[in-house]
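K.L.:
Data: input.pdb, PDB, C-alpha atoms.
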ATOM      1  CA  MET A  43       0.000   0.000   0.000  1.00  0.00           C
ATOM      2  CA  THR A  44       2.748   2.465   0.948  1.00  0.00           C
ATOM      3  CA  LYS A  45       4.552   1.767  -2.325  1.00  0.00           C
ATOM      4  CA  ASN A  46       1.456   2.723  -4.302  1.00  0.00           C
ATOM      5  CA  TRP A  47       0.763   6.061  -2.613  1.00  0.00           C
ATOM      6  CA  TRP A  48       1.620   8.004  -5.753  1.00  0.00           C
ATOM      7  CA  LYS A  49      -0.901   5.995  -7.774  1.00  0.00           C
ATOM      8  CA  TRP A  50      -3.630   6.788  -5.290  1.00  0.00           C
ATOM      9  CA  LEU A  51      -2.552  10.416  -5.242  1.00  0.00           C
ATOM     10  CA  GLY A  52      -2.651  10.632  -9.031  1.00  0.00           C
ATOM     11  CA  SER A  53      -6.106   9.030  -9.183  1.00  0.00           C
ATOM     12  CA  VAL A  54      -7.522  11.350  -6.502  1.00  0.00           C
ATOM     13  CA  LEU A  55      -6.061  14.444  -8.153  1.00  0.00           C
ATOM     14  CA  VAL A  56      -7.442  13.492 -11.573  1.00  0.00           C
ATOM     15  CA  ILE A  57     -10.935  12.835 -10.151  1.00  0.00           C
ATOM     16  CA  TYR A  58     -10.770  16.093  -8.187  1.00  0.00           C
ATOM     17  CA  SER A  59      -9.674  18.081 -11.242  1.00  0.00           C
ATOM     18  CA  LEU A  60     -12.399  16.539 -13.405  1.00  0.00           C
ATOM     19  CA  ILE A  61     -15.135  17.453 -10.941  1.00  0.00           C
ATOM     20  CA  ALA A  62     -13.791  20.874  -9.985  1.00  0.00           C
ATOM     21  CA  GLY A  63     -12.832  21.664 -13.563  1.00  0.00           C
ATOM     22  CA  LEU A  64     -16.411  21.213 -14.721  1.00  0.00           C
ATOM     23  CA  LEU A  65     -18.236  22.731 -11.739  1.00  0.00           C
ATOM     24  CA  TRP A  66     -16.105  25.521 -10.227  1.00  0.00           C
ATOM     25  CA  ASP A  67     -16.441  29.089 -11.400  1.00  0.00           C
ATOM     26  CA  VAL A  68     -13.965  30.372 -14.002  1.00  0.00           C
ATOM     27  CA  PRO A  69     -13.121  33.928 -15.131  1.00  0.00           C
ATOM     28  CA  HIS A  70     -15.559  35.292 -17.724  1.00  0.00           C
ATOM     29  CA  LEU A  71     -13.201  36.356 -20.478  1.00  0.00           C
ATOM     30  CA  PRO A  72     -14.027  37.522 -24.003  1.00  0.00           C
ATOM     31  CA  ILE A  73     -13.665  34.889 -26.744  1.00  0.00           C
ATOM     32  CA  LEU A  74     -12.709  32.132 -24.271  1.00  0.00           C
ATOM     33  CA  HIS A  75     -15.834  32.153 -22.070  1.00  0.00           C
ATOM     34  CA  GLU A  76     -16.512  28.651 -20.657  1.00  0.00           C
ATOM     35  CA  SER A  77     -14.004  27.058 -23.037  1.00  0.00           C
ATOM     36  CA  ILE A  78     -11.247  28.162 -20.653  1.00  0.00           C
ATOM     37  CA  ARG A  79     -12.117  25.039 -18.645  1.00  0.00           C
ATOM     38  CA  ASN A  80     -10.261  23.073 -21.299  1.00  0.00           C
ATOM     39  CA  LEU A  81      -7.061  24.405 -19.732  1.00  0.00           C
ATOM     40  CA  TYR A  82      -7.533  21.757 -17.028  1.00  0.00           C
ATOM     41  CA  PHE A  83      -7.515  18.971 -19.620  1.00  0.00           C
ATOM     42  CA  HIS A  84      -5.560  20.142 -22.673  1.00  0.00           C
ATOM     43  CA  VAL A  85      -2.365  21.379 -21.004  1.00  0.00           C
ATOM     44  CA  PRO A  86      -1.974  18.417 -18.578  1.00  0.00           C
ATOM     45  CA  MET A  87      -2.066  16.069 -21.578  1.00  0.00           C
ATOM     46  CA  TRP A  88       0.982  17.819 -23.059  1.00  0.00           C
ATOM     47  CA  PHE A  89       2.834  17.944 -19.743  1.00  0.00           C
ATOM     48  CA  THR A  90       2.244  14.226 -19.263  1.00  0.00           C
ATOM     49  CA  MET A  91       3.424  13.489 -22.799  1.00  0.00           C
ATOM     50  CA  ILE A  92       6.620  15.487 -22.270  1.00  0.00           C
ATOM     51  CA  VAL A  93       7.385  13.741 -18.957  1.00  0.00           C
ATOM     52  CA  LEU A  94       6.884  10.321 -20.565  1.00  0.00           C
ATOM     53  CA  TYR A  95       9.137  11.211 -23.501  1.00  0.00           C
ATOM     54  CA  LEU A  96      11.748  12.454 -21.029  1.00  0.00           C
ATOM     55  CA  ILE A  97      11.571   9.138 -19.157  1.00  0.00           C
ATOM     56  CA  ALA A  98      12.001   7.362 -22.497  1.00  0.00           C
ATOM     57  CA  VAL A  99      15.146   9.383 -23.227  1.00  0.00           C
ATOM     58  CA  LEU A 100      16.649   8.703 -19.808  1.00  0.00           C
ATOM     59  CA  TYR A 101      16.048   4.963 -20.090  1.00  0.00           C
ATOM     60  CA  SER A 102      17.348   4.907 -23.662  1.00  0.00           C
ATOM     61  CA  ILE A 103      20.588   6.398 -22.355  1.00  0.00           C
ATOM     62  CA  LYS A 104      20.650   3.863 -19.529  1.00  0.00           C
ATOM     63  CA  TYR A 105      20.154   1.066 -22.058  1.00  0.00           C
ATOM     64  CA  LEU A 106      23.027   2.247 -24.249  1.00  0.00           C
ATOM     65  CA  ARG A 107      25.284   2.389 -21.186  1.00  0.00           C
ATOM     66  CA  SER A 108      24.303  -0.976 -19.701  1.00  0.00           C
ATOM     67  CA  GLY A 109      22.701  -3.098 -22.429  1.00  0.00           C
ATOM     68  CA  ASN A 110      19.943  -4.061 -19.969  1.00  0.00           C
ATOM     69  CA  GLU A 111      16.897  -5.077 -22.006  1.00  0.00           C
ATOM     70  CA  LYS A 112      14.525  -3.916 -19.268  1.00  0.00           C
ATOM     71  CA  TYR A 113      15.604  -0.304 -19.807  1.00  0.00           C
ATOM     72  CA  ASP A 114      14.698  -0.599 -23.487  1.00  0.00           C
ATOM     73  CA  LEU A 115      11.252  -1.916 -22.556  1.00  0.00           C
ATOM     74  CA  VAL A 116      10.689   1.027 -20.202  1.00  0.00           C
ATOM     75  CA  ALA A 117      11.682   3.426 -22.982  1.00  0.00           C
ATOM     76  CA  VAL A 118       9.393   1.941 -25.620  1.00  0.00           C
ATOM     77  CA  GLU A 119       6.373   1.741 -23.322  1.00  0.00           C
ATOM     78  CA  SER A 120       6.957   5.325 -22.167  1.00  0.00           C
ATOM     79  CA  VAL A 121       6.864   6.380 -25.815  1.00  0.00           C
ATOM     80  CA  ASN A 122       3.754   4.283 -26.496  1.00  0.00           C
ATOM     81  CA  THR A 123       1.950   5.906 -23.571  1.00  0.00           C
ATOM     82  CA  GLY A 124       3.274   9.353 -24.458  1.00  0.00           C
ATOM     83  CA  ILE A 125       1.860   9.053 -27.979  1.00  0.00           C
ATOM     84  CA  VAL A 126      -1.598   8.380 -26.534  1.00  0.00           C
ATOM     85  CA  PHE A 127      -1.394  11.521 -24.400  1.00  0.00           C
ATOM     86  CA  GLY A 128      -0.070  13.402 -27.420  1.00  0.00           C
ATOM     87  CA  PHE A 129      -3.164  12.463 -29.401  1.00  0.00           C
ATOM     88  CA  LEU A 130      -5.361  13.482 -26.466  1.00  0.00           C
ATOM     89  CA  GLY A 131      -3.539  16.818 -26.351  1.00  0.00           C
ATOM     90  CA  ILE A 132      -4.142  17.361 -30.061  1.00  0.00           C
ATOM     91  CA  LEU A 133      -7.804  16.347 -29.783  1.00  0.00           C
ATOM     92  CA  THR A 134      -8.559  18.631 -26.819  1.00  0.00           C
ATOM     93  CA  GLY A 135      -6.648  21.415 -28.561  1.00  0.00           C
ATOM     94  CA  MET A 136      -8.711  21.012 -31.740  1.00  0.00           C
ATOM     95  CA  ILE A 137     -11.938  21.200 -29.749  1.00  0.00           C
ATOM     96  CA  TRP A 138     -10.710  24.317 -27.939  1.00  0.00           C
ATOM     97  CA  GLY A 139      -9.445  25.925 -31.129  1.00  0.00           C
ATOM     98  CA  ASN A 140     -12.762  25.341 -32.884  1.00  0.00           C
ATOM     99  CA  TYR A 141     -14.567  27.423 -30.266  1.00  0.00           C
ATOM    100  CA  THR A 142     -11.980  30.157 -29.718  1.00  0.00           C
ATOM    101  CA  TRP A 143     -10.285  30.512 -33.118  1.00  0.00           C
ATOM    102  CA  GLY A 144     -13.143  29.404 -35.356  1.00  0.00           C
ATOM    103  CA  SER A 145     -11.220  26.416 -36.717  1.00  0.00           C
ATOM    104  CA  PRO A 146     -10.004  23.143 -35.220  1.00  0.00           C
ATOM    105  CA  TRP A 147      -6.716  23.471 -37.095  1.00  0.00           C
ATOM    106  CA  PRO A 148      -5.657  27.018 -38.066  1.00  0.00           C
ATOM    107  CA  ASN A 149      -2.243  27.552 -39.615  1.00  0.00           C
ATOM    108  CA  ASP A 150      -0.429  27.845 -36.284  1.00  0.00           C
ATOM    109  CA  PRO A 151       3.244  26.862 -35.775  1.00  0.00           C
ATOM    110  CA  LYS A 152       2.582  25.171 -32.443  1.00  0.00           C
ATOM    111  CA  LEU A 153      -0.210  23.029 -33.853  1.00  0.00           C
ATOM    112  CA  ASN A 154       1.934  22.087 -36.819  1.00  0.00           C
ATOM    113  CA  GLY A 155       4.829  21.348 -34.479  1.00  0.00           C
ATOM    114  CA  ALA A 156       2.595  19.096 -32.382  1.00  0.00           C
ATOM    115  CA  ALA A 157       1.574  17.165 -35.493  1.00  0.00           C
ATOM    116  CA  ILE A 158       5.195  16.763 -36.620  1.00  0.00           C
ATOM    117  CA  THR A 159       6.238  15.679 -33.119  1.00  0.00           C
ATOM    118  CA  THR A 160       3.564  12.993 -33.116  1.00  0.00           C
ATOM    119  CA  LEU A 161       4.749  11.779 -36.514  1.00  0.00           C
ATOM    120  CA  VAL A 162       8.353  11.698 -35.256  1.00  0.00           C
ATOM    121  CA  TYR A 163       7.408   9.395 -32.398  1.00  0.00           C
ATOM    122  CA  LEU A 164       5.120   7.272 -34.562  1.00  0.00           C
ATOM    123  CA  ALA A 165       8.145   6.805 -36.816  1.00  0.00           C
ATOM    124  CA  TYR A 166       9.993   5.512 -33.737  1.00  0.00           C
ATOM    125  CA  ILE A 167       7.398   2.740 -33.400  1.00  0.00           C
ATOM    126  CA  VAL A 168       7.568   1.954 -37.116  1.00  0.00           C
ATOM    127  CA  LEU A 169      11.372   1.791 -36.904  1.00  0.00           C
ATOM    128  CA  ARG A 170      11.238  -0.721 -34.060  1.00  0.00           C
ATOM    129  CA  ASN A 171       8.771  -2.926 -35.906  1.00  0.00           C
ATOM    130  CA  ALA A 172      10.936  -2.861 -39.036  1.00  0.00           C
ATOM    131  CA  ILE A 173      13.955  -4.431 -37.286  1.00  0.00           C
ATOM    132  CA  ASP A 174      13.865  -8.102 -36.311  1.00  0.00           C
ATOM    133  CA  GLU A 175      17.090  -8.528 -34.357  1.00  0.00           C
ATOM    134  CA  GLU A 176      16.311  -7.500 -30.772  1.00  0.00           C
ATOM    135  CA  GLN A 177      19.612  -5.935 -29.715  1.00  0.00           C
ATOM    136  CA  LYS A 178      19.978  -4.042 -32.974  1.00  0.00           C
ATOM    137  CA  LYS A 179      16.388  -2.847 -32.639  1.00  0.00           C
ATOM    138  CA  ALA A 180      16.991  -1.638 -29.093  1.00  0.00           C
ATOM    139  CA  ARG A 181      20.241   0.196 -29.925  1.00  0.00           C
ATOM    140  CA  ILE A 182      18.950   1.967 -33.015  1.00  0.00           C
ATOM    141  CA  SER A 183      15.655   2.962 -31.423  1.00  0.00           C
ATOM    142  CA  ALA A 184      17.466   4.224 -28.305  1.00  0.00           C
ATOM    143  CA  ILE A 185      19.652   6.488 -30.431  1.00  0.00           C
ATOM    144  CA  TYR A 186      16.578   7.659 -32.358  1.00  0.00           C
ATOM    145  CA  ASN A 187      14.835   8.396 -29.049  1.00  0.00           C
ATOM    146  CA  ILE A 188      17.709  10.568 -27.842  1.00  0.00           C
ATOM    147  CA  PHE A 189      17.545  12.733 -30.972  1.00  0.00           C
ATOM    148  CA  ALA A 190      13.723  12.850 -31.096  1.00  0.00           C
ATOM    149  CA  PHE A 191      13.376  14.565 -27.715  1.00  0.00           C
ATOM    150  CA  PRO A 192      15.309  17.774 -28.559  1.00  0.00           C
ATOM    151  CA  VAL A 193      13.455  17.909 -31.890  1.00  0.00           C
ATOM    152  CA  MET A 194      10.205  17.926 -29.909  1.00  0.00           C
ATOM    153  CA  ILE A 195      11.481  20.753 -27.687  1.00  0.00           C
ATOM    154  CA  VAL A 196      12.383  22.840 -30.722  1.00  0.00           C
ATOM    155  CA  LEU A 197       9.037  22.223 -32.451  1.00  0.00           C
ATOM    156  CA  LEU A 198       6.839  22.868 -29.413  1.00  0.00           C
ATOM    157  CA  PHE A 199       8.691  25.499 -27.410  1.00  0.00           C
ATOM    158  CA  ILE A 200      11.292  27.319 -29.491  1.00  0.00           C
ATOM    159  CA  LEU A 201       9.930  27.799 -33.012  1.00  0.00           C
ATOM    160  CA  PRO A 202       6.459  29.034 -31.867  1.00  0.00           C
ATOM    161  CA  ARG A 203       8.193  31.769 -29.834  1.00  0.00           C
ATOM    162  CA  LEU A 204      10.149  32.961 -32.862  1.00  0.00           C
ATOM    163  CA  THR A 205       7.120  33.549 -35.071  1.00  0.00           C
ATOM    164  CA  ASP A 206       3.443  34.535 -34.859  1.00  0.00           C
ATOM    165  CA  SER A 207       1.362  32.042 -32.894  1.00  0.00           C
ATOM    166  CA  LEU A 208      -2.195  31.984 -31.592  1.00  0.00           C
ATOM    167  CA  HIS A 209      -1.171  30.065 -28.487  1.00  0.00           C
ATOM    168  CA  PRO A 210      -0.805  31.959 -25.196  1.00  0.00           C
ATOM    169  CA  GLY A 211       2.821  32.466 -24.245  1.00  0.00           C
ATOM    170  CA  ASN A 212       4.026  32.189 -27.847  1.00  0.00           C
ATOM    171  CA  GLY A 213       4.624  34.670 -30.638  1.00  0.00           C
ATOM    172  CA  GLY A 214       4.389  37.647 -28.316  1.00  0.00           C
ATOM    173  CA  ASN A 215       1.101  36.545 -26.710  1.00  0.00           C
ATOM    174  CA  PRO A 216       1.046  36.658 -22.895  1.00  0.00           C
ATOM    175  CA  GLY A 217       0.710  33.336 -21.101  1.00  0.00           C
ATOM    176  CA  PHE A 218      -2.429  32.405 -19.175  1.00  0.00           C
ATOM    177  CA  GLY A 219      -0.852  32.941 -15.793  1.00  0.00           C
ATOM    178  CA  ARG A 220      -0.143  36.582 -16.521  1.00  0.00           C
ATOM    179  CA  TYR A 221      -3.699  37.775 -16.981  1.00  0.00           C
ATOM    180  CA  ASP A 222      -6.471  35.260 -16.300  1.00  0.00           C
ATOM    181  CA  LEU A 223      -5.420  32.379 -14.042  1.00  0.00           C
ATOM    182  CA  ASP A 224      -7.138  33.358 -10.808  1.00  0.00           C
ATOM    183  CA  ARG A 225      -6.756  31.573  -7.475  1.00  0.00           C
ATOM    184  CA  ASN A 226      -9.616  29.147  -8.113  1.00  0.00           C
ATOM    185  CA  MET A 227      -8.167  28.094 -11.448  1.00  0.00           C
ATOM    186  CA  ARG A 228      -4.730  27.483  -9.964  1.00  0.00           C
ATOM    187  CA  LEU A 229      -6.322  25.252  -7.304  1.00  0.00           C
ATOM    188  CA  VAL A 230      -7.552  23.024 -10.128  1.00  0.00           C
ATOM    189  CA  PHE A 231      -4.892  23.458 -12.813  1.00  0.00           C
ATOM    190  CA  TYR A 232      -1.813  22.470 -10.799  1.00  0.00           C
ATOM    191  CA  PRO A 233      -3.416  19.364  -9.220  1.00  0.00           C
ATOM    192  CA  ALA A 234      -4.662  18.386 -12.698  1.00  0.00           C
ATOM    193  CA  CYS A 235      -1.124  18.551 -14.102  1.00  0.00           C
ATOM    194  CA  ILE A 236       0.357  16.544 -11.229  1.00  0.00           C
ATOM    195  CA  GLY A 237      -2.476  14.009 -11.262  1.00  0.00           C
ATOM    196  CA  TRP A 238      -2.359  13.318 -14.992  1.00  0.00           C
ATOM    197  CA  ILE A 239       1.429  13.012 -14.950  1.00  0.00           C
ATOM    198  CA  LEU A 240       1.243  10.430 -12.156  1.00  0.00           C
ATOM    199  CA  VAL A 241      -1.529   8.517 -13.917  1.00  0.00           C
ATOM    200  CA  GLY A 242       0.424   8.623 -17.184  1.00  0.00           C
ATOM    201  CA  VAL A 243       3.506   7.181 -15.500  1.00  0.00           C
ATOM    202  CA  TRP A 244       1.308   4.550 -13.840  1.00  0.00           C
ATOM    203  CA  ILE A 245      -0.091   3.500 -17.230  1.00  0.00           C
ATOM    204  CA  ALA A 246       3.433   3.301 -18.647  1.00  0.00           C
ATOM    205  CA  THR A 247       4.553   1.056 -15.752  1.00  0.00           C
ATOM    206  CA  LEU A 248       1.591  -1.256 -16.348  1.00  0.00           C
ATOM    207  CA  ARG A 249       2.438  -1.473 -20.042  1.00  0.00           C
ATOM    208  CA  TYR A 250       6.065  -2.165 -19.144  1.00  0.00           C
ATOM    209  CA  ARG A 251       5.083  -5.038 -16.866  1.00  0.00           C
ATOM    210  CA  ILE A 252       2.879  -6.555 -19.552  1.00  0.00           C
ATOM    211  CA  ARG A 253       5.678  -6.229 -22.131  1.00  0.00           C
ATOM    212  CA  LEU A 254       8.173  -7.777 -19.689  1.00  0.00           C
ATOM    213  CA  ILE A 255       5.901 -10.773 -19.065  1.00  0.00           C
ATOM    214  CA  GLU A 256       5.427 -11.228 -22.826  1.00  0.00           C
ATOM    215  CA  THR A 257       9.206 -11.088 -23.355  1.00  0.00           C
ATOM    216  CA  ILE A 258       9.845 -13.679 -20.636  1.00  0.00           C
ATOM    217  CA  LEU A 259       7.171 -16.036 -22.004  1.00  0.00           C
ATOM    218  CA  THR A 260       8.549 -15.681 -25.539  1.00  0.00           C
ATOM    219  CA  ALA A 261      12.044 -16.476 -24.291  1.00  0.00           C
ATOM    220  CA  HIS A 262      10.805 -19.612 -22.488  1.00  0.00           C
ATOM    221  CA  LYS A 263       8.961 -20.832 -25.590  1.00  0.00           C
ATOM    222  CA  SER A 264      12.053 -20.430 -27.748  1.00  0.00           C
TER
END
Kindly transcribe the structure held in the file into structure tokens.
P.N.:
Amino acid sequence: MTKNWWKWLGSVLVIYSLIAGLLWDVPHLPILHESIRNLYFHVPMWFTMIVLYLIAVLYSIKYLRSGNEKYDLVAVESVNTGIVFGFLGILTGMIWGNYTWGSPWPNDPKLNGAAITTLVYLAYIVLRNAIDEEQKKARISAIYNIFAFPVMIVLLFILPRLTDSLHPGNGGNPGFGRYDLDRNMRLVFYPACIGWILVGVWIATLRYRIRLIETILTAHKS
């Protein structure tokens, strides 16, 4: 029980943020109106994705240094889970953009960067499936993983700040925290980010355990 405290914490925070995010009052701002509630869902998806991709990078490095197959399995399942949260981030962003910008996919550098980032990590999965030899697959995909992460940082955080962007905090636009995140919103937003990150890591650990069991059973059969 004590070892699983963070799982319970993540679950409680997600449930709390879902309820409070839909029921608590939010600032009445022009254009955004009630759609600002999506902040509690859209942004945590991206934060969770980034944390999972970071874990994948760290374990890819650990694999290259040690050759331990378990580290490779952690990396690949972190990427698999991160891709799911990436798609959720894109989906919630499209819904939000449709109400606030009049289009689910305007020509915005951050949106385009998110799409390219997702394709980069989908290519990681395709690359793994294209290689049969296990050690070669693990080494090549680990190296790919290490280069994919900084590409994601450039696409999502650097390029949008260098050009015009509709997203808050990019292209000269002020971030949410500077003008409309009141105390009530912070009491929901920060727990939502922490909760979804913990739940995302929990999902990745479950996928890792399943993959490890499958690997052991395959080894016994052979």
K.L.:
Sorted by chain and rising residue number, list the residues of segment 45-137 of chain A at most 6 Å from segment 242-250 of chain A (counting only C-alpha atoms), each with its closest atom pair and distance in Å to one decimal, as a Markdown table.
P.N.:
| residue | atom | partner | partner_atom | distance |
| --- | --- | --- | --- | --- |
| A:Val116 | CA | A:Tyr250 | CA | 5.7 |
| A:Glu119 | CA | A:Tyr250 | CA | 5.7 |
| A:Ser120 | CA | A:Ala246 | CA | 5.4 |
| A:Thr123 | CA | A:Ala246 | CA | 5.8 |
K.L.:
Kindly export the residues of the current selection with C-alpha atoms, as an mmCIF file, keeping the file's coordinate frame.
P.N.:
data_model
loop_
_atom_site.group_PDB
_atom_site.id
_atom_site.type_symbol
_atom_site.label_atom_id
_atom_site.label_comp_id
_atom_site.auth_asym_id
_atom_site.auth_seq_id
_atom_site.Cartn_x
_atom_site.Cartn_y
_atom_site.Cartn_z
ATOM 1 C CA VAL A 116 10.689 1.027 -20.202
ATOM 2 C CA GLU A 119 6.373 1.741 -23.322
ATOM 3 C CA SER A 120 6.957 5.325 -22.167
ATOM 4 C CA THR A 123 1.950 5.906 -23.571
#
K.L.:
So what does the PyMOL selection byres ((chain A and resi 125-138) around 6) actually pick up in this one, as an NGL selection string?
P.N.:
:A and (84 or 87-88 or 91 or 122-124 or 139-141 or 146)
K.L.:
With all atoms listed in the file as the basis for distance, which of A:Lys263, A:Arg253, A:Arg79, A:Lys49 is at the shortest distance from Ala117 of chain A?
P.N.:
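Among the listed residues, A:Arg253 lies closest to Ala117 of chain A.
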K.L.:
For the atom pair atom CA of Leu60 of chain A and atom CA of Tyr163 of chain A, what is the interatomic distance in Å to one decimal place?
P.N.:
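It comes out at 28.4 Å.
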K.L.:
I need the output of the PyMOL selection byres ((chain A and resi 176-187) around 12) for this file as a PDB file with C-alpha atoms, in the frame of the given file; which residues are they?
P.N.:
ATOM      1  CA  LEU A  94       6.884  10.321 -20.565  1.00  0.00           C
ATOM      2  CA  TYR A  95       9.137  11.211 -23.501  1.00  0.00           C
ATOM      3  CA  LEU A  96      11.748  12.454 -21.029  1.00  0.00           C
ATOM      4  CA  ILE A  97      11.571   9.138 -19.157  1.00  0.00           C
ATOM      5  CA  ALA A  98      12.001   7.362 -22.497  1.00  0.00           C
ATOM      6  CA  VAL A  99      15.146   9.383 -23.227  1.00  0.00           C
ATOM      7  CA  LEU A 100      16.649   8.703 -19.808  1.00  0.00           C
ATOM      8  CA  TYR A 101      16.048   4.963 -20.090  1.00  0.00           C
ATOM      9  CA  SER A 102      17.348   4.907 -23.662  1.00  0.00           C
ATOM     10  CA  ILE A 103      20.588   6.398 -22.355  1.00  0.00           C
ATOM     11  CA  LYS A 104      20.650   3.863 -19.529  1.00  0.00           C
ATOM     12  CA  TYR A 105      20.154   1.066 -22.058  1.00  0.00           C
ATOM     13  CA  LEU A 106      23.027   2.247 -24.249  1.00  0.00           C
ATOM     14  CA  ARG A 107      25.284   2.389 -21.186  1.00  0.00           C
ATOM     15  CA  SER A 108      24.303  -0.976 -19.701  1.00  0.00           C
ATOM     16  CA  GLY A 109      22.701  -3.098 -22.429  1.00  0.00           C
ATOM     17  CA  ASN A 110      19.943  -4.061 -19.969  1.00  0.00           C
ATOM     18  CA  GLU A 111      16.897  -5.077 -22.006  1.00  0.00           C
ATOM     19  CA  LYS A 112      14.525  -3.916 -19.268  1.00  0.00           C
ATOM     20  CA  TYR A 113      15.604  -0.304 -19.807  1.00  0.00           C
ATOM     21  CA  ASP A 114      14.698  -0.599 -23.487  1.00  0.00           C
ATOM     22  CA  LEU A 115      11.252  -1.916 -22.556  1.00  0.00           C
ATOM     23  CA  VAL A 116      10.689   1.027 -20.202  1.00  0.00           C
ATOM     24  CA  ALA A 117      11.682   3.426 -22.982  1.00  0.00           C
ATOM     25  CA  VAL A 118       9.393   1.941 -25.620  1.00  0.00           C
ATOM     26  CA  SER A 120       6.957   5.325 -22.167  1.00  0.00           C
ATOM     27  CA  VAL A 121       6.864   6.380 -25.815  1.00  0.00           C
ATOM     28  CA  THR A 159       6.238  15.679 -33.119  1.00  0.00           C
ATOM     29  CA  VAL A 162       8.353  11.698 -35.256  1.00  0.00           C
ATOM     30  CA  TYR A 163       7.408   9.395 -32.398  1.00  0.00           C
ATOM     31  CA  LEU A 164       5.120   7.272 -34.562  1.00  0.00           C
ATOM     32  CA  ALA A 165       8.145   6.805 -36.816  1.00  0.00           C
ATOM     33  CA  TYR A 166       9.993   5.512 -33.737  1.00  0.00           C
ATOM     34  CA  ILE A 167       7.398   2.740 -33.400  1.00  0.00           C
ATOM     35  CA  VAL A 168       7.568   1.954 -37.116  1.00  0.00           C
ATOM     36  CA  LEU A 169      11.372   1.791 -36.904  1.00  0.00           C
ATOM     37  CA  ARG A 170      11.238  -0.721 -34.060  1.00  0.00           C
ATOM     38  CA  ASN A 171       8.771  -2.926 -35.906  1.00  0.00           C
ATOM     39  CA  ALA A 172      10.936  -2.861 -39.036  1.00  0.00           C
ATOM     40  CA  ILE A 173      13.955  -4.431 -37.286  1.00  0.00           C
ATOM     41  CA  ASP A 174      13.865  -8.102 -36.311  1.00  0.00           C
ATOM     42  CA  GLU A 175      17.090  -8.528 -34.357  1.00  0.00           C
ATOM     43  CA  ILE A 188      17.709  10.568 -27.842  1.00  0.00           C
ATOM     44  CA  PHE A 189      17.545  12.733 -30.972  1.00  0.00           C
ATOM     45  CA  ALA A 190      13.723  12.850 -31.096  1.00  0.00           C
ATOM     46  CA  PHE A 191      13.376  14.565 -27.715  1.00  0.00           C
ATOM     47  CA  PRO A 192      15.309  17.774 -28.559  1.00  0.00           C
ATOM     48  CA  VAL A 193      13.455  17.909 -31.890  1.00  0.00           C
ATOM     49  CA  MET A 194      10.205  17.926 -29.909  1.00  0.00           C
ATOM     50  CA  THR A 257       9.206 -11.088 -23.355  1.00  0.00           C
ATOM     51  CA  ALA A 261      12.044 -16.476 -24.291  1.00  0.00           C
TER      52      ALA A 261
END
K.L.:
Could you tell me how far atom CA of Glu76 of chain A sits from atom CA of Ala234 of chain A, in Å to one decimal place?
P.N.:
17.6 Å
K.L.:
Calculate how many Å separate atom CA of Thr160 of chain A from atom CA of Pro148 of chain A, rounding to one decimal.
P.N.:
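Pair atom CA of Thr160 of chain A / atom CA of Pro148 of chain A returns 17.5 Å.
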K.L.:
Quick one: everything within 7 Å of segment 226-232 of chain A, counting only C-alpha atoms, minus sequence neighbours fewer than 5 positions away in the same chain. Send it as a list in words.
P.N.:
Ser59, Ala62, Gly63, Val68 and Tyr82 of chain A
K.L.:
Point out the residue among A:Leu204, A:Ile236, A:Leu161, A:Leu197 with the least atom-to-atom distance to Tyr58 of chain A, counting only C-alpha atoms.
P.N.:
A:Ile236
K.L.:
From the options A:Pro151, A:Pro69, A:Pro86, A:Gly237, which residue's atoms come nearest to Thr205 of chain A, counting all atoms listed in the file?
P.N.:
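Closest to Thr205 of chain A of all the choices is A:Pro151.
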K.L.:
Considering all atoms listed in the file, can you say which of A:Leu81, A:Val93, A:Pro233, A:Trp147 comes closest to Ile57 of chain A?
P.N.:
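For Ile57 of chain A, the nearest of the candidates is A:Pro233.
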K.L.:
Determine the nearest neighbour of Ala157 of chain A from the options A:Val85, A:Leu198, A:Ile239, A:Ile61, counting all atoms listed in the file.
P.N.:
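Nearest candidate to Ala157 of chain A out of A:Val85, A:Leu198, A:Ile239, A:Ile61: A:Leu198.
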K.L.:
Calculate, to one decimal in Å, the centre and edge lengths of the box along x, y and z of the file that holds all listed atoms of segment 139-154 of chain A with 6 Å of margin on each side, and present them as AutoDock Vina command-line options.
P.N.:
--center_x -5.7 --center_y 26.3 --center_z -34.7 --size_x 29.8 --size_y 20.4 --size_z 21.9
K.L.:
Pull C-alpha atoms for segment 175-194 of chain A from the block and write them as a CSV table (one decimal), in the first residue's frame.
P.N.:
chain,number,residue,atom,x,y,z
A,175,GLU,CA,17.1,-8.5,-34.4
A,176,GLU,CA,16.3,-7.5,-30.8
A,177,GLN,CA,19.6,-5.9,-29.7
A,178,LYS,CA,20.0,-4.0,-33.0
A,179,LYS,CA,16.4,-2.8,-32.6
A,180,ALA,CA,17.0,-1.6,-29.1
A,181,ARG,CA,20.2,0.2,-29.9
A,182,ILE,CA,18.9,2.0,-33.0
A,183,SER,CA,15.7,3.0,-31.4
A,184,ALA,CA,17.5,4.2,-28.3
A,185,ILE,CA,19.7,6.5,-30.4
A,186,TYR,CA,16.6,7.7,-32.4
A,187,ASN,CA,14.8,8.4,-29.0
A,188,ILE,CA,17.7,10.6,-27.8
A,189,PHE,CA,17.5,12.7,-31.0
A,190,ALA,CA,13.7,12.8,-31.1
A,191,PHE,CA,13.4,14.6,-27.7
A,192,PRO,CA,15.3,17.8,-28.6
A,193,VAL,CA,13.5,17.9,-31.9
A,194,MET,CA,10.2,17.9,-29.9
